[in-house]
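Visitor: My structure is stored as structure.tsv, with TSV, C-alpha atoms.
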chain	number	residue	atom	x	y	z
A	1	MET	CA	71.89	-231.27	16.06
A	2	THR	CA	75.16	-230.30	17.51
A	3	LYS	CA	75.59	-229.06	21.04
A	4	TYR	CA	76.38	-225.55	19.78
A	5	LYS	CA	73.21	-225.34	17.69
A	6	MET	CA	71.13	-226.31	20.68
A	7	LEU	CA	72.75	-223.64	22.77
A	8	ILE	CA	72.11	-221.06	20.04
A	9	MET	CA	68.44	-222.02	19.84
A	10	ILE	CA	67.99	-221.83	23.60
A	11	ALA	CA	69.66	-218.44	23.74
A	12	THR	CA	67.53	-217.16	20.87
A	13	GLY	CA	64.35	-218.32	22.69
A	14	MET	CA	65.40	-216.57	25.87
A	15	ILE	CA	66.07	-213.31	24.00
A	16	MET	CA	62.66	-213.44	22.31
A	17	ALA	CA	60.94	-214.06	25.64
A	18	ALA	CA	62.77	-211.12	27.17
A	19	LEU	CA	61.79	-208.86	24.29
A	20	ILE	CA	58.11	-209.88	24.63
A	21	GLY	CA	58.23	-209.31	28.37
A	22	CYS	CA	59.65	-205.79	27.95
A	23	GLY	CA	56.92	-204.95	25.48
A	24	SER	CA	54.29	-205.98	28.02
A	25	VAL	CA	55.87	-203.86	30.75
A	26	LYS	CA	56.05	-200.91	28.38
A	27	ASP	CA	52.36	-201.21	27.55
A	28	ASP	CA	51.43	-201.44	31.24
A	29	ALA	CA	53.56	-198.43	32.00
A	30	GLY	CA	51.68	-196.47	29.36
A	31	LEU	CA	48.37	-197.44	30.94
A	32	ASN	CA	49.62	-196.54	34.41
A	33	THR	CA	50.79	-193.13	33.14
A	34	GLU	CA	47.33	-192.37	31.74
A	35	THR	CA	45.69	-193.45	35.01
A	36	VAL	CA	48.04	-191.26	37.08
A	37	THR	CA	47.37	-188.30	34.77
A	38	GLU	CA	43.60	-188.68	35.15
A	39	THR	CA	43.95	-188.99	38.94
A	40	GLU	CA	46.11	-185.86	39.08
A	41	GLU	CA	43.54	-183.91	37.02
A	42	ALA	CA	40.69	-185.04	39.32
A	43	THR	CA	42.73	-184.07	42.38
A	44	VAL	CA	43.41	-180.63	40.92
A	45	ASN	CA	39.69	-180.11	40.19
A	46	GLU	CA	38.73	-181.18	43.72
A	47	SER	CA	41.40	-178.89	45.15
A	48	ASP	CA	40.06	-175.96	43.10
A	49	GLU	CA	36.50	-176.64	44.33
A	50	MET	CA	37.69	-176.83	47.93
A	51	SER	CA	39.63	-173.58	47.57
A	52	GLU	CA	36.57	-171.85	46.12
A	53	GLN	CA	34.39	-173.11	48.99
A	54	VAL	CA	36.96	-171.98	51.59
A	55	SER	CA	37.09	-168.58	49.91
A	56	GLN	CA	33.29	-168.26	50.08
A	57	ASP	CA	33.28	-169.33	53.73
A	58	ASN	CA	35.98	-166.77	54.51
A	59	GLU	CA	33.87	-164.06	52.85
A	60	LYS	CA	30.93	-164.97	55.13
A	61	ALA	CA	33.08	-165.26	58.24
A	62	PRO	CA	33.71	-161.51	58.82
A	63	SER	CA	29.98	-160.70	58.93
A	64	LEU	CA	29.37	-163.58	61.33
A	65	ARG	CA	32.29	-162.44	63.46
A	66	GLU	CA	30.94	-158.89	63.42
A	67	GLU	CA	27.50	-160.06	64.55
A	68	ALA	CA	29.02	-162.17	67.33
A	69	THR	CA	31.21	-159.28	68.42
A	70	LYS	CA	28.19	-156.93	68.51
A	71	ASP	CA	26.18	-159.44	70.56
A	72	ASN	CA	29.07	-159.89	72.98
A	73	SER	CA	29.53	-156.13	73.19
A	74	ASP	CA	25.83	-155.60	73.96
A	75	ALA	CA	25.99	-158.30	76.62
A	76	LYS	CA	29.06	-156.70	78.19
A	77	ASP	CA	27.39	-153.28	78.09
A	78	SER	CA	24.27	-154.64	79.74
A	79	ALA	CA	26.30	-156.44	82.41
A	80	GLY	CA	28.31	-153.27	82.98
A	81	ASP	CA	25.16	-151.18	83.33
A	82	GLU	CA	23.69	-153.54	85.90
A	83	ASN	CA	26.94	-153.49	87.90
A	84	ILE	CA	26.60	-149.71	88.11
A	85	TYR	CA	22.94	-149.99	89.11
A	86	GLU	CA	23.83	-152.50	91.83
A	87	GLN	CA	26.56	-150.22	93.16
A	88	PHE	CA	24.00	-147.43	93.35
A	89	LEU	CA	21.46	-149.66	95.11
A	90	ASN	CA	24.12	-150.77	97.61
A	91	ASP	CA	25.12	-147.17	98.45
A	92	GLU	CA	28.50	-147.73	96.81
A	93	LEU	CA	27.88	-145.03	94.19
A	94	GLU	CA	26.56	-141.49	94.52
A	95	LEU	CA	24.44	-139.49	92.12
A	96	ASP	CA	24.79	-135.72	92.45
A	97	GLY	CA	26.45	-136.23	95.81
A	98	GLU	CA	23.73	-138.46	97.27
A	99	LYS	CA	23.54	-142.18	97.91
A	100	PHE	CA	20.48	-144.29	97.18
A	101	SER	CA	19.45	-144.47	100.84
A	102	GLU	CA	19.71	-140.69	101.11
A	103	ILE	CA	17.67	-139.98	97.98
A	104	PHE	CA	14.87	-142.24	99.16
A	105	SER	CA	15.13	-141.62	102.90
A	106	PHE	CA	11.62	-140.08	102.82
A	107	MET	CA	10.25	-143.51	101.97
A	108	TYR	CA	11.60	-144.94	105.20
A	109	GLU	CA	10.91	-141.90	107.33
A	110	ASP	CA	7.50	-140.76	106.05
A	111	PHE	CA	5.91	-144.02	104.93
A	112	ASP	CA	7.84	-146.67	106.85
A	113	THR	CA	8.48	-148.63	103.69
A	114	GLN	CA	11.24	-149.12	101.17
A	115	PRO	CA	11.15	-148.32	97.44
A	116	VAL	CA	10.46	-151.14	95.02
A	117	THR	CA	13.15	-151.53	92.34
A	118	PHE	CA	13.00	-153.30	89.00
A	119	TYR	CA	14.57	-153.35	85.52
A	120	TYR	CA	12.78	-152.47	82.29
A	121	ASP	CA	13.88	-151.25	78.86
A	122	VAL	CA	12.35	-147.77	78.83
A	123	ASP	CA	14.20	-146.21	75.86
A	124	GLU	CA	14.03	-149.24	73.51
A	125	ASP	CA	17.82	-149.60	73.22
A	126	GLY	CA	17.83	-153.30	74.10
A	127	LYS	CA	19.21	-152.68	77.59
A	128	ASP	CA	17.19	-152.37	80.78
A	129	GLU	CA	17.05	-149.23	82.85
A	130	LEU	CA	16.67	-149.14	86.63
A	131	LEU	CA	13.26	-148.05	87.92
A	132	VAL	CA	12.58	-147.11	91.53
A	133	SER	CA	8.93	-146.97	92.54
A	134	THR	CA	7.92	-144.46	95.21
A	135	VAL	CA	4.56	-144.04	96.96
A	136	PHE	CA	2.96	-140.92	95.50
A	137	TYR	CA	5.39	-139.65	92.89
A	138	GLY	CA	5.72	-142.67	90.64
A	139	TYR	CA	9.05	-143.84	89.29
A	140	ASN	CA	12.56	-142.53	89.29
A	141	ILE	CA	14.12	-143.89	86.09
A	142	TYR	CA	17.90	-144.28	85.92
A	143	ASP	CA	20.05	-144.93	82.87
A	144	VAL	CA	23.76	-145.44	82.22
A	145	ARG	CA	25.46	-143.36	79.54
A	146	ASP	CA	29.16	-143.50	78.81
A	147	GLY	CA	29.64	-145.52	81.97
A	148	LYS	CA	27.92	-142.96	84.21
A	149	LEU	CA	24.65	-143.14	86.10
A	150	VAL	CA	22.07	-140.52	85.09
A	151	LEU	CA	18.47	-139.75	86.05
A	152	LEU	CA	16.38	-140.13	82.89
A	153	ASP	CA	13.07	-138.98	84.35
A	154	CYS	CA	11.11	-138.88	87.60
A	155	GLY	CA	7.86	-137.71	89.17
A	156	ASP	CA	7.25	-134.04	89.80
A	157	GLY	CA	4.76	-134.18	92.66
A	158	THR	CA	1.35	-135.80	92.77
A	159	ALA	CA	0.17	-133.72	89.80
A	160	ALA	CA	2.87	-135.25	87.57
A	161	ALA	CA	3.52	-138.77	88.83
A	162	CYS	CA	5.99	-140.67	86.64
A	163	GLY	CA	5.12	-144.05	85.15
A	164	VAL	CA	5.80	-146.24	82.13
A	165	TYR	CA	3.32	-147.41	79.48
A	166	GLU	CA	3.58	-149.81	76.58
A	167	GLY	CA	1.40	-149.23	73.53
A	168	ASN	CA	1.32	-148.10	69.93
A	169	GLY	CA	4.33	-150.37	69.34
A	170	HIS	CA	6.57	-148.37	71.70
A	171	ILE	CA	7.48	-147.68	75.31
A	172	TYR	CA	6.55	-144.34	76.85
A	173	VAL	CA	7.43	-142.56	80.08
A	174	SER	CA	4.30	-140.98	81.51
A	175	HIS	CA	3.49	-137.99	83.68
A	176	SER	CA	-0.04	-138.15	84.99
A	177	ASP	CA	-2.49	-136.48	87.32
A	178	PHE	CA	-5.16	-138.98	88.24
A	179	SER	CA	-5.49	-138.11	91.92
A	180	HIS	CA	-7.02	-134.64	91.81
A	181	ALA	CA	-10.64	-133.67	91.32
A	182	GLY	CA	-12.01	-132.52	87.98
A	183	ARG	CA	-9.40	-134.03	85.69
A	184	LYS	CA	-7.47	-137.03	84.39
A	185	MET	CA	-4.35	-135.81	82.60
A	186	LEU	CA	-1.79	-138.04	80.90
A	187	THR	CA	1.34	-137.09	78.95
A	188	LEU	CA	3.35	-139.86	77.27
A	189	THR	CA	6.96	-139.23	76.26
A	190	ARG	CA	9.10	-141.52	74.13
A	191	TYR	CA	12.87	-141.40	74.60
A	192	ASP	CA	15.71	-142.67	72.43
A	193	GLN	CA	18.88	-144.23	73.83
A	194	GLY	CA	20.51	-140.82	74.12
A	195	GLY	CA	17.75	-139.48	76.35
A	196	ASN	CA	16.26	-137.35	73.57
A	197	VAL	CA	12.49	-136.97	73.27
A	198	THR	CA	11.24	-138.43	69.98
A	199	GLU	CA	7.47	-138.30	70.52
A	200	THR	CA	4.94	-136.79	72.92
A	201	ILE	CA	1.27	-137.75	73.30
A	202	THR	CA	-1.32	-136.10	75.56
A	203	ILE	CA	-4.64	-137.73	76.47
A	204	ASN	CA	-6.85	-135.67	78.79
A	205	ALA	CA	-10.29	-135.68	80.32
A	206	GLU	CA	-11.60	-132.59	82.16
A	207	TYR	CA	-14.83	-132.44	84.15
A	208	TRP	CA	-14.42	-129.50	86.51
A	209	ASP	CA	-18.14	-129.06	87.23
A	210	SER	CA	-18.96	-132.71	87.84
A	211	GLU	CA	-20.69	-133.22	91.19
A	212	THR	CA	-19.65	-136.88	91.25
A	213	ASP	CA	-16.07	-136.18	90.22
A	214	MET	CA	-16.57	-138.50	87.26
A	215	TYR	CA	-16.40	-137.75	83.57
A	216	ASP	CA	-19.36	-138.33	81.27
A	217	GLU	CA	-20.39	-137.61	77.68
A	218	SER	CA	-20.53	-133.87	78.38
A	219	SER	CA	-16.93	-133.68	79.67
A	220	ASP	CA	-14.06	-132.27	77.64
A	221	PHE	CA	-11.78	-134.89	76.05
A	222	THR	CA	-8.67	-134.17	73.99
A	223	TYR	CA	-5.95	-136.11	72.21
A	224	ASN	CA	-2.85	-134.03	71.46
A	225	GLY	CA	-4.98	-130.94	71.94
A	226	GLN	CA	-7.68	-132.05	69.51
A	227	LYS	CA	-11.21	-132.55	70.82
A	228	ILE	CA	-12.39	-136.18	70.84
A	229	THR	CA	-15.41	-138.10	72.14
A	230	MET	CA	-15.60	-139.97	75.42
A	231	GLN	CA	-15.49	-143.27	73.52
A	232	GLU	CA	-12.38	-142.22	71.66
A	233	TYR	CA	-10.80	-141.11	74.93
A	234	GLU	CA	-11.44	-144.50	76.51
A	235	ASP	CA	-10.20	-146.34	73.41
A	236	TYR	CA	-6.93	-144.39	73.54
A	237	MET	CA	-6.51	-144.99	77.26
A	238	ASN	CA	-7.20	-148.71	76.89
A	239	SER	CA	-4.63	-149.03	74.11
A	240	PHE	CA	-1.79	-148.28	76.55
A	241	ILE	CA	-0.76	-150.76	79.24
A	242	PHE	CA	0.79	-149.53	82.47
A	243	ILE	CA	4.05	-151.23	83.43
A	244	ASP	CA	4.37	-152.02	87.11
A	245	PRO	CA	7.01	-154.08	88.98
A	246	ASP	CA	4.88	-157.22	88.53
A	247	SER	CA	4.58	-156.84	84.75
A	248	GLU	CA	5.70	-159.79	82.66
A	249	LYS	CA	8.68	-157.99	81.11
A	250	ALA	CA	9.83	-156.33	84.33
A	251	ARG	CA	12.76	-157.90	86.19
A	252	PRO	CA	13.21	-157.45	89.93
A	253	ALA	CA	16.36	-155.55	90.85
A	254	PRO	CA	18.46	-156.88	93.76
Could I get this structure in the form of C-alpha cells?
Guide:
Amino acid sequence: MTKYKMLIMIATGMIMAALIGCGSVKDDAGLNTETVTETEEATVNESDEMSEQVSQDNEKAPSLREEATKDNSDAKDSAGDENIYEQFLNDELELDGEKFSEIFSFMYEDFDTQPVTFYYDVDEDGKDELLVSTVFYGYNIYDVRDGKLVLLDCGDGTAAACGVYEGNGHIYVSHSDFSHAGRKMLTLTRYDQGGNVTETITINAEYWDSETDMYDESSDFTYNGQKITMQEYEDYMNSFIFIDPDSEKARPAP
C-alpha cells in the first residue's frame, strides 16, 4: 500500500467518525428540545395556577380589609368616646353650661360623698356609655353622638329612680319607684344607638291597703297593663338582673 492510499484511508475514517459524531449530537439535541418544551409547558401551567390563586386571594382581600377597617374604626370611636367622658369627669368639658363637679355638687354638699362612675353598654351599640350613680335618684347615663356628649337618661326624683337591667336578651334603662308605700313600679326602656326608644315594658305591683306594706296574693299585679298573678309578677321581676357598678360587665371609670 502506497503512502497516498494510507493517507486516503485515514482521512476517510476521520470523516466517517465525524459524521457519526454529528448524528449523535443531532439526536441529543432533539431529545433536549423535547425536554425543554415539556418543562416550559409545566412552568406555564404552574404559572396559570398561581395566577388563579392570587386572583382568588385578591377577591377575598377587600372583604378582609373592610372588616379590619370597621374593627379599627369601632376601636377609634370607642377610644374617642372615652376621651370625651374623661374630659367631662375632669371638669374639662361642660354639658349645657355645667361641669361635672357642678352637676353633682349636691352629692358632696348634701351627702358628703362623691358619685360612683362606671362604663356599660346601655344601648347595645358595642360601645360603653358613662354611668354616674347618685344616692337617691339612680343613674345619670351619658352617651357620645357625633363627637358630642349628651345625656341619654337620668332619674326623675325618688319616684322614678334611673337604673339599668339586663334580661330578655337585651339591656334596658329603668325608672322605678320601690321606696314609697303601697307600690312597686318598674318601667323598662330599650334604646337604640341613636337614642330612640325601641321597646317599653312595665311591671307593677300595687297594694295600697296593705297594713304591712307588703304585697300578697290579693294585690294588683300587671305586666304591660295586663293583669297577672303574684307568681307571674315575681317570675318577671326575677328574669331581669340589675346592673350596678360592681357587676361583671361594668368597668370602673377613672
Visitor: Quick one: pull the distance between atom CA of Asn196 of chain A and atom CA of Asp123 of chain A, Å, one decimal.
Guide: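 Atom-to-atom, atom CA of Asn196 of chain A and atom CA of Asp123 of chain A are spaced 9.4 Å apart.
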Visitor: What is the distance between atom CA of Thr229 of chain A and atom CA of Ile241 of chain A, in Å to one decimal?
Guide: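 Between atom CA of Thr229 of chain A and atom CA of Ile241 of chain A the gap works out to 20.6 Å.
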Visitor: Under the rule that all atoms listed in the file are counted, which of A:Ala159, A:Val144, A:Leu151, A:Val135 is the nearest residue to Asp110 of chain A?
Guide: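 Under the stated criterion, the closest residue is A:Val135.
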Visitor: So which one's closest to Leu188 of chain A, A:Thr134, A:Ser210, A:Gln114, A:Asn224? Using all atoms listed in the file, please.
Guide: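 Nearest to Leu188 of chain A: A:Asn224.
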Visitor: Could you check the closest approach to Glu232 of chain A for each of A:Val197, A:Ala205, A:Leu95, A:Met214 and tell me which residue wins, using all atoms listed in the file?
Guide: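 Among the listed residues, A:Ala205 lies closest to Glu232 of chain A.
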Visitor: For Tyr223 of chain A, find every residue with an atom within 10 Å (counting all atoms listed in the file), except residues of its own chain fewer than 5 positions away, and show them as number ranges by chain.
Guide: A: 186-187, 201-205, 228-229, 232-233, 236
Visitor: Can you tell me how far atom CA of Tyr120 of chain A sits from atom CA of Met185 of chain A, in Å to one decimal?
Guide: 23.9 Å
Visitor: Check the smallest atom-to-atom distance from each of A:Asn168, A:Ser133, A:Ser174, A:Ser219 to Pro245 of chain A using only C-alpha atoms, then report the winner.
Guide: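 Selected residue with least distance to Pro245 of chain A: A:Ser133.
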Visitor: How big is the axis-aligned box around the listed atoms of segment 99-116 of chain A once 4 Å is added on each side, and where is its centre? Give both in Å to one decimal, as JSON.
Guide:
{"center_x": 14.7, "center_y": -145.6, "center_z": 101.2, "size_x": 25.6, "size_y": 19.2, "size_z": 20.3}
Visitor: Starting from the incomplete input, reconstruct N, CA and C atoms of segment 150-179 of chain A and report them as a compact mmCIF listing (two decimals), keeping the file's coordinate frame.
Guide:
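As written to disk, selection_15.txt reads:
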# COMPACT_ATOMS: atom_id res chain seq x y z
N VAL A 150 22.81 -141.77 85.28
CA VAL A 150 22.07 -140.52 85.09
C VAL A 150 20.61 -140.76 85.42
N LEU A 151 19.92 -139.70 85.81
CA LEU A 151 18.47 -139.75 86.05
C LEU A 151 17.77 -139.39 84.74
N LEU A 152 17.07 -140.37 84.15
CA LEU A 152 16.38 -140.13 82.89
C LEU A 152 15.12 -139.31 83.09
N ASP A 153 14.33 -139.68 84.09
CA ASP A 153 13.07 -138.98 84.35
C ASP A 153 12.58 -139.37 85.75
N CYS A 154 11.65 -138.59 86.27
CA CYS A 154 11.11 -138.88 87.60
C CYS A 154 9.80 -138.12 87.78
N GLY A 155 9.10 -138.41 88.86
CA GLY A 155 7.86 -137.71 89.17
C GLY A 155 8.12 -136.29 89.64
N ASP A 156 7.15 -135.44 89.39
CA ASP A 156 7.25 -134.04 89.80
C ASP A 156 6.02 -133.69 90.65
N GLY A 157 5.91 -134.38 91.80
CA GLY A 157 4.76 -134.18 92.66
C GLY A 157 3.59 -135.06 92.27
N THR A 158 2.53 -134.97 93.02
CA THR A 158 1.35 -135.80 92.77
C THR A 158 0.58 -135.38 91.52
N ALA A 159 0.84 -134.18 91.02
CA ALA A 159 0.17 -133.72 89.80
C ALA A 159 0.93 -134.14 88.55
N ALA A 160 2.08 -134.79 88.72
CA ALA A 160 2.87 -135.25 87.57
C ALA A 160 3.64 -136.50 87.96
N ALA A 161 2.90 -137.51 88.43
CA ALA A 161 3.52 -138.77 88.83
C ALA A 161 4.11 -139.45 87.59
N CYS A 162 5.28 -140.05 87.77
CA CYS A 162 5.99 -140.67 86.64
C CYS A 162 5.68 -142.16 86.57
N GLY A 163 5.38 -142.63 85.37
CA GLY A 163 5.12 -144.05 85.15
C GLY A 163 5.67 -144.49 83.80
N VAL A 164 5.37 -145.70 83.43
CA VAL A 164 5.80 -146.24 82.13
C VAL A 164 4.63 -146.99 81.51
N TYR A 165 4.39 -146.73 80.22
CA TYR A 165 3.32 -147.41 79.48
C TYR A 165 3.89 -148.06 78.23
N GLU A 166 3.25 -149.14 77.85
CA GLU A 166 3.58 -149.81 76.58
C GLU A 166 2.34 -149.76 75.69
N GLY A 167 2.52 -149.31 74.46
CA GLY A 167 1.40 -149.23 73.53
C GLY A 167 1.83 -148.57 72.24
N ASN A 168 1.02 -148.71 71.22
CA ASN A 168 1.32 -148.10 69.93
C ASN A 168 2.66 -148.59 69.38
N GLY A 169 3.08 -149.79 69.82
CA GLY A 169 4.33 -150.37 69.34
C GLY A 169 5.57 -149.80 69.99
N HIS A 170 5.41 -149.01 71.06
CA HIS A 170 6.57 -148.37 71.70
C HIS A 170 6.41 -148.35 73.22
N ILE A 171 7.48 -147.87 73.87
CA ILE A 171 7.48 -147.68 75.31
C ILE A 171 7.49 -146.18 75.60
N TYR A 172 6.65 -145.76 76.53
CA TYR A 172 6.55 -144.34 76.85
C TYR A 172 6.72 -144.12 78.36
N VAL A 173 7.38 -143.03 78.69
CA VAL A 173 7.43 -142.56 80.08
C VAL A 173 6.26 -141.60 80.25
N SER A 174 5.50 -141.79 81.33
CA SER A 174 4.30 -140.98 81.51
C SER A 174 4.45 -140.00 82.67
N HIS A 175 3.71 -138.89 82.56
CA HIS A 175 3.49 -137.99 83.68
C HIS A 175 1.97 -137.80 83.75
N SER A 176 1.41 -138.13 84.90
CA SER A 176 -0.04 -138.15 84.99
C SER A 176 -0.54 -137.47 86.25
N ASP A 177 -1.77 -137.02 86.17
CA ASP A 177 -2.49 -136.48 87.32
C ASP A 177 -3.85 -137.15 87.34
N PHE A 178 -3.92 -138.23 88.11
CA PHE A 178 -5.16 -138.98 88.24
C PHE A 178 -5.75 -138.87 89.65
N SER A 179 -5.09 -138.11 90.51
CA SER A 179 -5.49 -138.11 91.92
C SER A 179 -6.22 -136.84 92.36
